[in-house]
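The structure under discussion appears below in the form of structure tokens.
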Amino acid sequence: MGSTATRGLDRAEVVATALDLVVREGPGALTMRRLAAELDVGTPTIYWHVGSRDDLVAAIIRTQSERLAERTVGGTTARERVLSAALHIYAGAIEHRPITSLAHQTGTSSLLLHDLEAALVAELEAAGLSGEACADALRSILVVVTGALVLALHDPARDPEDYQPDVLWAGSPAPIAPETRAALCADPDVDAVAAATLRAVVEHHIPGGRR
């Protein structure tokens with residue numbers, strides 16, 4: 001032990017290693033002792049560099065937020081660019097589930113998504129929205145994203161006692177057509193539903209033809 005210290009361990013390396021640990025093994029693996037072992041230093045060294053575990057989590061989430069904000073917004077029309085920025089929020093959470101889970105567990109989800117939301121607000125303003133109209137559009141989009149993420153990130157294996165929609169619909173006495181019941185019992189394509197719903201919300205808030 002101590003070889004890392006002699007080569008100049010810094011805070012950025014501690015945070016990056018912690019982030020990588022969460023990505024590889026999930027939020028439960030993030031302890032100060034485990035992180036110290038990863039870096040081959042004593043636990044006090046970790047506290048010295050990053051402060052408390054809460055401070056470390058906040059640093060991890062900020063780092064991830066900055067990485068997510070590097071995504072390029074695509075599209076040539078205002079609607080296309082707003083939709084692209086909105087989908088970045090959804091995709092960023094889906095593609096990095098361990099970090100999303102850590103943020104959810106620690107109450108730092110808003111911090112994780114803030115930079116992506118700021119990019120979305122910039123596109124909304126570029127589309128001609130400002131003030132309350134811009135805020136309403138952002139909130140409408142986030143309602144859709146949040147709802148889609150609840151569906152996409154739900155893990156039945158972690159909540160085995162939850163009633164599953166397919167089981168409920170299969171045994172429901174509701175007077176619905178067989179093909180409707182079968183469709184409701186099937187696994188949803190949450191990505192497609194999210195994209196279609198976001199497109200409708202964007203079209204509601206952004207008049208067509210704006211460049």
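The chains in the structure tokens are called A, B, ... from first to last as shown; in each chain the residues are counted from 1, and the ligands are counted from 1 in the order shown.
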
Close residues, Ala78 (chain A) itself excluded, 12 Å, only C-alpha atoms, min 2 positions apart in chain, as a ChimeraX atom specification
/A:73-76,80-85,120,122-129,199,202-203,205-211

Residues as selected, N, CA and C atoms, written as a short mmCIF file (atom, residue, chain, number, x, y, z; two decimals), in the first residue's frame, can you do that?
```
data_model
loop_
_atom_site.label_atom_id
_atom_site.label_comp_id
_atom_site.auth_asym_id
_atom_site.auth_seq_id
_atom_site.Cartn_x
_atom_site.Cartn_y
_atom_site.Cartn_z
N VAL A 73 -26.46 17.62 -29.77
CA VAL A 73 -27.87 17.75 -30.15
C VAL A 73 -27.95 17.73 -31.67
N GLY A 74 -28.82 16.89 -32.22
CA GLY A 74 -28.95 16.77 -33.66
C GLY A 74 -30.23 17.39 -34.18
N GLY A 75 -30.35 17.47 -35.51
CA GLY A 75 -31.55 17.99 -36.12
C GLY A 75 -31.32 19.32 -36.80
N THR A 76 -32.18 19.61 -37.77
CA THR A 76 -32.08 20.87 -38.51
C THR A 76 -33.23 21.81 -38.20
N GLU A 80 -36.91 19.11 -34.21
CA GLU A 80 -35.95 18.00 -34.22
C GLU A 80 -34.89 18.18 -33.14
N ARG A 81 -34.42 19.40 -32.96
CA ARG A 81 -33.36 19.65 -31.98
C ARG A 81 -33.89 19.54 -30.56
N VAL A 82 -35.09 20.03 -30.32
CA VAL A 82 -35.68 19.90 -28.99
C VAL A 82 -35.92 18.43 -28.67
N LEU A 83 -36.44 17.68 -29.63
CA LEU A 83 -36.66 16.25 -29.41
C LEU A 83 -35.35 15.53 -29.15
N SER A 84 -34.31 15.87 -29.89
CA SER A 84 -33.00 15.26 -29.69
C SER A 84 -32.50 15.52 -28.27
N ALA A 85 -32.61 16.76 -27.82
CA ALA A 85 -32.15 17.11 -26.47
C ALA A 85 -32.97 16.40 -25.41
N LEU A 120 -31.44 21.32 -22.97
CA LEU A 120 -32.81 21.30 -23.50
C LEU A 120 -33.43 22.69 -23.43
N ALA A 122 -31.88 25.50 -23.54
CA ALA A 122 -31.23 26.31 -24.58
C ALA A 122 -31.90 26.07 -25.93
N GLU A 123 -32.26 24.82 -26.22
CA GLU A 123 -32.93 24.52 -27.49
C GLU A 123 -34.35 25.07 -27.50
N LEU A 124 -35.03 25.01 -26.38
CA LEU A 124 -36.39 25.57 -26.30
C LEU A 124 -36.36 27.08 -26.53
N GLU A 125 -35.37 27.75 -25.93
CA GLU A 125 -35.27 29.19 -26.14
C GLU A 125 -34.89 29.51 -27.59
N ALA A 126 -34.02 28.70 -28.16
CA ALA A 126 -33.65 28.91 -29.57
C ALA A 126 -34.85 28.72 -30.48
N ALA A 127 -35.82 27.91 -30.01
CA ALA A 127 -37.04 27.68 -30.79
C ALA A 127 -38.05 28.81 -30.62
N GLY A 128 -37.73 29.78 -29.76
CA GLY A 128 -38.60 30.94 -29.59
C GLY A 128 -39.39 30.97 -28.30
N LEU A 129 -39.20 29.97 -27.43
CA LEU A 129 -39.92 29.97 -26.16
C LEU A 129 -39.09 30.67 -25.09
N ARG A 199 -42.36 13.24 -28.93
CA ARG A 199 -42.58 13.94 -30.20
C ARG A 199 -43.90 14.71 -30.17
N VAL A 202 -43.46 17.77 -27.91
CA VAL A 202 -42.66 18.79 -28.59
C VAL A 202 -43.48 19.50 -29.65
N GLU A 203 -44.24 18.75 -30.42
CA GLU A 203 -45.08 19.36 -31.46
C GLU A 203 -46.15 20.27 -30.86
N HIS A 205 -45.77 22.10 -28.13
CA HIS A 205 -45.16 23.33 -27.61
C HIS A 205 -44.41 24.14 -28.67
N ILE A 206 -43.91 23.47 -29.72
CA ILE A 206 -43.12 24.16 -30.74
C ILE A 206 -43.90 24.19 -32.04
N PRO A 207 -44.34 25.36 -32.47
CA PRO A 207 -45.07 25.43 -33.75
C PRO A 207 -44.23 24.88 -34.90
N GLY A 208 -44.89 24.24 -35.85
CA GLY A 208 -44.20 23.66 -36.99
C GLY A 208 -43.56 24.72 -37.86
N GLY A 209 -42.47 24.32 -38.51
CA GLY A 209 -41.82 25.22 -39.45
C GLY A 209 -40.74 26.10 -38.86
N ARG A 210 -40.60 26.08 -37.51
CA ARG A 210 -39.55 26.92 -36.92
C ARG A 210 -38.19 26.30 -37.14
N ARG A 211 -37.26 27.12 -37.52
CA ARG A 211 -35.90 26.67 -37.79
C ARG A 211 -35.00 27.01 -36.63
#
```

What lies within 9 Å of region 187-197 of chain A using only C-alpha atoms, ignoring chain neighbours under 2 positions off, as a list of chain:residue names?
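Listing them by chain and then by number gives A:Leu83, A:Leu87, A:Tyr90, A:Ala91, A:Val144, A:Val145, A:Gly147, A:Ala148, A:Leu149, A:Leu151, A:Ala152, A:Asp166, A:Ala183, A:Leu184, A:Cys185, A:Arg199, A:Ala200, A:Val201, A:Val202.
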
For Ala133 (chain A), the nearest of the candidates A:Leu153, A:Gly26, A:Thr108, A:Val121, counting only C-alpha atoms
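The closest residue to Ala133 (chain A) is A:Val121.
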
Have a look at A:Trp169, A:Gly107, A:Thr17, A:Val22 and name the one nearest to Ala58 (chain A); count only C-alpha atoms.
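Selected residue with least distance to Ala58 (chain A): A:Gly107.
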
I'd like the interatomic distance between CA of Val50 (chain A) and CA of Glu38 (chain A), to a tenth of an Å.
15.1 Å

So how far away is CA of Arg67 (chain A) from CA of His114 (chain A), in Å?
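Distance reported for this atom pair: 11.8 Å.
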
Just asking: which residues within region 69-162 of chain A are helix (DSSP H, G or I) according to DSSP, as a PyMOL selection string?
chain A and resi 78-95+97-106+109-126+131-153+156-158

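The closest residue to His49 (chain A), picked from A:Leu35, A:Leu9, A:Ala182, A:Leu116 and counting only C-alpha atoms, is A:Leu9.
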
For Ser109 (chain A), work out the shell of residues within 10 Å, counting only C-alpha atoms and skipping chain neighbours fewer than 5 positions away, then give it as a PyMOL selection string.
chain A and resi 61+65+93+99-104+114

N, CA, C and O atoms of the current selection, written as an mmCIF file, in the first residue's frame:
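This is the output file again.cif:
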```cif
data_model
loop_
_atom_site.group_PDB
_atom_site.id
_atom_site.type_symbol
_atom_site.label_atom_id
_atom_site.label_comp_id
_atom_site.auth_asym_id
_atom_site.auth_seq_id
_atom_site.Cartn_x
_atom_site.Cartn_y
_atom_site.Cartn_z
ATOM 1 N N ILE A 61 -21.812 12.214 -9.273
ATOM 2 C CA ILE A 61 -22.984 12.619 -10.044
ATOM 3 C C ILE A 61 -22.668 13.842 -10.899
ATOM 4 O O ILE A 61 -23.076 13.926 -12.065
ATOM 5 N N SER A 65 -22.824 13.969 -14.900
ATOM 6 C CA SER A 65 -23.649 15.002 -15.522
ATOM 7 C C SER A 65 -22.860 15.735 -16.600
ATOM 8 O O SER A 65 -23.376 16.004 -17.697
ATOM 9 N N ALA A 93 -30.105 8.256 -18.879
ATOM 10 C CA ALA A 93 -30.493 7.506 -17.682
ATOM 11 C C ALA A 93 -30.525 6.008 -17.950
ATOM 12 O O ALA A 93 -30.104 5.197 -17.128
ATOM 13 N N ILE A 99 -25.480 4.405 -12.339
ATOM 14 C CA ILE A 99 -25.348 5.791 -11.887
ATOM 15 C C ILE A 99 -26.737 6.391 -11.652
ATOM 16 O O ILE A 99 -26.957 7.131 -10.687
ATOM 17 N N THR A 100 -27.678 6.080 -12.528
ATOM 18 C CA THR A 100 -29.056 6.546 -12.345
ATOM 19 C C THR A 100 -29.611 6.017 -11.031
ATOM 20 O O THR A 100 -30.284 6.746 -10.289
ATOM 21 N N SER A 101 -29.335 4.758 -10.733
ATOM 22 C CA SER A 101 -29.801 4.156 -9.485
ATOM 23 C C SER A 101 -29.150 4.826 -8.282
ATOM 24 O O SER A 101 -29.816 5.107 -7.272
ATOM 25 N N LEU A 102 -27.847 5.091 -8.370
ATOM 26 C CA LEU A 102 -27.154 5.781 -7.280
ATOM 27 C C LEU A 102 -27.771 7.154 -7.038
ATOM 28 O O LEU A 102 -28.001 7.559 -5.887
ATOM 29 N N ALA A 103 -28.047 7.883 -8.114
ATOM 30 C CA ALA A 103 -28.655 9.211 -7.981
ATOM 31 C C ALA A 103 -30.031 9.112 -7.343
ATOM 32 O O ALA A 103 -30.391 9.922 -6.475
ATOM 33 N N HIS A 104 -30.810 8.120 -7.748
ATOM 34 C CA HIS A 104 -32.145 7.931 -7.171
ATOM 35 C C HIS A 104 -32.054 7.622 -5.681
ATOM 36 O O HIS A 104 -32.816 8.175 -4.870
ATOM 37 N N HIS A 114 -29.185 17.845 -14.545
ATOM 38 C CA HIS A 114 -29.274 19.297 -14.697
ATOM 39 C C HIS A 114 -28.612 19.803 -15.976
ATOM 40 O O HIS A 114 -29.182 20.639 -16.690
#
```

Taking only C-alpha atoms into account, which of A:Ile89, A:Asp136, A:Leu56, A:Arg97 comes nearest Glu25 (chain A)?
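Closest to Glu25 (chain A), using only C-alpha atoms: A:Arg97.
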
Report, in Å with one decimal, the straight-line distance from CA of Glu70 (chain A) to CA of Arg11 (chain A).
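Interatomic distance, CA of Glu70 (chain A) to CA of Arg11 (chain A): 21.5 Å.
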
Looking at only C-alpha atoms, which of A:Gly92, A:Gly28, A:Pro98, A:Gly51 is the one that sits closest to Leu68 (chain A)?
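Comparing A:Gly92, A:Gly28, A:Pro98, A:Gly51 against Leu68 (chain A), the winner is A:Gly92.
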